Amino acid sequence: MEILPIGRTSFGDAANTGNTLSREEAYALLQEWVKNERLQLHMRQVGHLMRHWAAETEGLEEADQWRWEMAGLLHDADWDLWPEQHCHKIIGELEKRQVCPEVIRAIASHGPRYFGVEPATSMDKMLYAFDELSGLVHAYSLMRPDGYTGMDVKGVKKRLKEKSFAANVSREDILDACQRAAIQQDELIAFIIKHQPQVN
Ligand SMILES: [Fe+2]
Ligand SMILES: [Fe+2]
């Protein structure tokens with residue numbers, strides 16, 4: 001399937017800076033647009049990681065934590081029903097709902113190779129960084145008898161090197177994302193192992 005580049009670098013309206021959906025509205029959109037439960041789980045996992053990164057690493061307050069979480073929670077919202085319009089549809093929807101440009105931009109830049117929008121802010125970069133790696137760690141948890149319990153960074157790195165494991169997860173994007181965010185891969189993996197089990 002061909003994913004169309006987004007073809008612009010400006011999103012939303014500056015007048016909407018700081019605006020978000022409420023948690024109820026965001027979850028309603030998720031339920032309405034995403035029927036695939038695995039995809040919903042992925043989006044909730046990435047949202048959760050984004051919130052905790054905002055809180056713990058960026059030291060941001062609750063309102064900002066929610067903006068980060070919302071970007072993660074809705075980043076793949078259109079993938080289930082409109083895969084050929086991936087990213088375009090959700091960007092349009094959030095612009096229509098007058099959501100903060102920063103959140104829309106982060107969603108637009110979660111796959112620079114596909115959408116052609118470069119991650120610029122730390123929110124953009126972390127969404128891109130968590131996206132694929134979170135999926136690989138989750139796939140690993142499913143094949144371990146104890147799930148996330150006792151999982152370590154070394155084990156995840158072994159799976160990363162095994163090309164046939166979760167083959168749809170782009171190793172290239174993971175490397176690229178860590179470089180752009182200037183984060184050690186080990187640190188990111190440890191963070192995911194610590195926080196991801198809380199989402200199920
Ligand atoms: Fe995506
Ligand atoms: Fe994703």
# chains A, B, ... in the order shown; residues from 1 in each chain; ligands from 1
>>> closest_atom_pairs(of="segment 65-183 of chain A", to="segment 18-35 of chain A", cutoff="12 Å", atoms="only C-alpha atoms", output="CSV")
residue,atom,partner,partner_atom,distance
A:Gln65,CA,A:Thr20,CA,11.2
A:Trp66,CA,A:Thr20,CA,8.2
A:Arg67,CA,A:Thr20,CA,6.7
A:Trp68,CA,A:Thr20,CA,10.3
A:Glu69,CA,A:Arg23,CA,9.8
A:Met70,CA,A:Ala26,CA,7.3
A:Ala71,CA,A:Thr20,CA,9.9
A:Gly72,CA,A:Ala26,CA,11.0
A:Leu73,CA,A:Ala26,CA,7.9
A:Leu74,CA,A:Leu30,CA,7.0
A:His75,CA,A:Leu30,CA,10.1
A:Asp76,CA,A:Val34,CA,8.6
A:Ala77,CA,A:Val34,CA,6.2
A:Asp78,CA,A:Trp33,CA,6.6
A:Trp79,CA,A:Val34,CA,7.8
A:Asp80,CA,A:Val34,CA,5.6
A:Leu81,CA,A:Trp33,CA,6.6
A:Trp82,CA,A:Trp33,CA,9.2
A:Pro83,CA,A:Val34,CA,11.2
A:Lys89,CA,A:Trp33,CA,10.7
A:Ile90,CA,A:Trp33,CA,9.8
A:Glu93,CA,A:Leu29,CA,10.0
A:Leu94,CA,A:Leu21,CA,8.8
A:Glu95,CA,A:Asn19,CA,10.7
A:Lys96,CA,A:Leu21,CA,11.6
A:Arg97,CA,A:Leu21,CA,8.0
A:Gln98,CA,A:Asn19,CA,7.0
A:Val99,CA,A:Asn19,CA,5.0
A:Cys100,CA,A:Asn19,CA,4.7
A:Pro101,CA,A:Gly18,CA,8.1
A:Glu102,CA,A:Gly18,CA,8.2
A:Val103,CA,A:Thr20,CA,8.4
A:Ile104,CA,A:Thr20,CA,10.3
>>> select_by_dssp(residues="chain A", states="alpha helix (DSSP H)", output="PyMOL selection string")
chain A and resi 23-33+37-56+62-74+88-96+101-108+112-115+122-143+153-161+171-181+185-195
>>> closest_residue(among="A:Asp64, A:Val199, A:Met43, A:Gln184", to="ligand 1", atoms="only C-alpha atoms and all ligand atoms")
A:Met43
>>> closest_residue(among="A:Ala120, A:Ile107, A:Cys178, A:Met50", to="Gly12 of chain A", atoms="only C-alpha atoms")
A:Ile107
>>> closest_atom_pairs(of="chain A", to="ligand 2", cutoff="8 Å", atoms="only C-alpha atoms and all ligand atoms", output="JSON lines")
{"residue": "A:Leu39", "atom": "CA", "partner": "ligand 2", "partner_atom_place_in_ligand_line": "1 (Fe)", "distance": 7.9}
{"residue": "A:His42", "atom": "CA", "partner": "ligand 2", "partner_atom_place_in_ligand_line": "1 (Fe)", "distance": 6.7}
{"residue": "A:Met43", "atom": "CA", "partner": "ligand 2", "partner_atom_place_in_ligand_line": "1 (Fe)", "distance": 6.4}
{"residue": "A:Val46", "atom": "CA", "partner": "ligand 2", "partner_atom_place_in_ligand_line": "1 (Fe)", "distance": 7.5}
{"residue": "A:His75", "atom": "CA", "partner": "ligand 2", "partner_atom_place_in_ligand_line": "1 (Fe)", "distance": 6.4}
{"residue": "A:Asp76", "atom": "CA", "partner": "ligand 2", "partner_atom_place_in_ligand_line": "1 (Fe)", "distance": 5.4}
{"residue": "A:His110", "atom": "CA", "partner": "ligand 2", "partner_atom_place_in_ligand_line": "1 (Fe)", "distance": 7.8}
{"residue": "A:Asp131", "atom": "CA", "partner": "ligand 2", "partner_atom_place_in_ligand_line": "1 (Fe)", "distance": 4.9}
{"residue": "A:Glu132", "atom": "CA", "partner": "ligand 2", "partner_atom_place_in_ligand_line": "1 (Fe)", "distance": 6.7}
{"residue": "A:Gly135", "atom": "CA", "partner": "ligand 2", "partner_atom_place_in_ligand_line": "1 (Fe)", "distance": 8.0}
>>> closest_residue(among="A:Glu84, A:Glu172, A:Glu61, A:Glu162", to="ligand 1", atoms="only C-alpha atoms and all ligand atoms")
A:Glu84
>>> closest_residue(among="A:Ser170, A:Ser134, A:Asn36, A:Ser122", to="Leu188 of chain A", atoms="only C-alpha atoms")
A:Ser134
>>> residues_around(residues="Met126 of chain A", least_positions_apart="3", cutoff="8 Å", atoms="only C-alpha atoms", output="PyMOL selection string")
chain A and resi 50+122-123+129-130+177+181
>>> write_last_selection(atoms="C-alpha atoms", output="compact mmCIF listing (two decimals), in the first residue's frame")
# COMPACT_ATOMS: atom_id res chain seq x y z
CA MET A 50 4.54 9.47 26.13
CA SER A 122 10.89 16.62 21.64
CA MET A 123 7.26 15.49 21.52
CA ALA A 129 11.08 6.78 18.96
CA PHE A 130 8.46 4.93 21.01
CA ALA A 177 14.64 7.74 15.95
CA ALA A 181 16.16 12.11 19.91
>>> closest_residue(among="A:Ala166, A:Ile189, A:Leu175, A:Ile91", to="Lys154 of chain A", atoms="only C-alpha atoms")
A:Ile189
>>> closest_residue(among="A:Arg144, A:Asp186, A:Leu136, A:Arg105", to="Arg171 of chain A", atoms="only C-alpha atoms")
A:Leu136
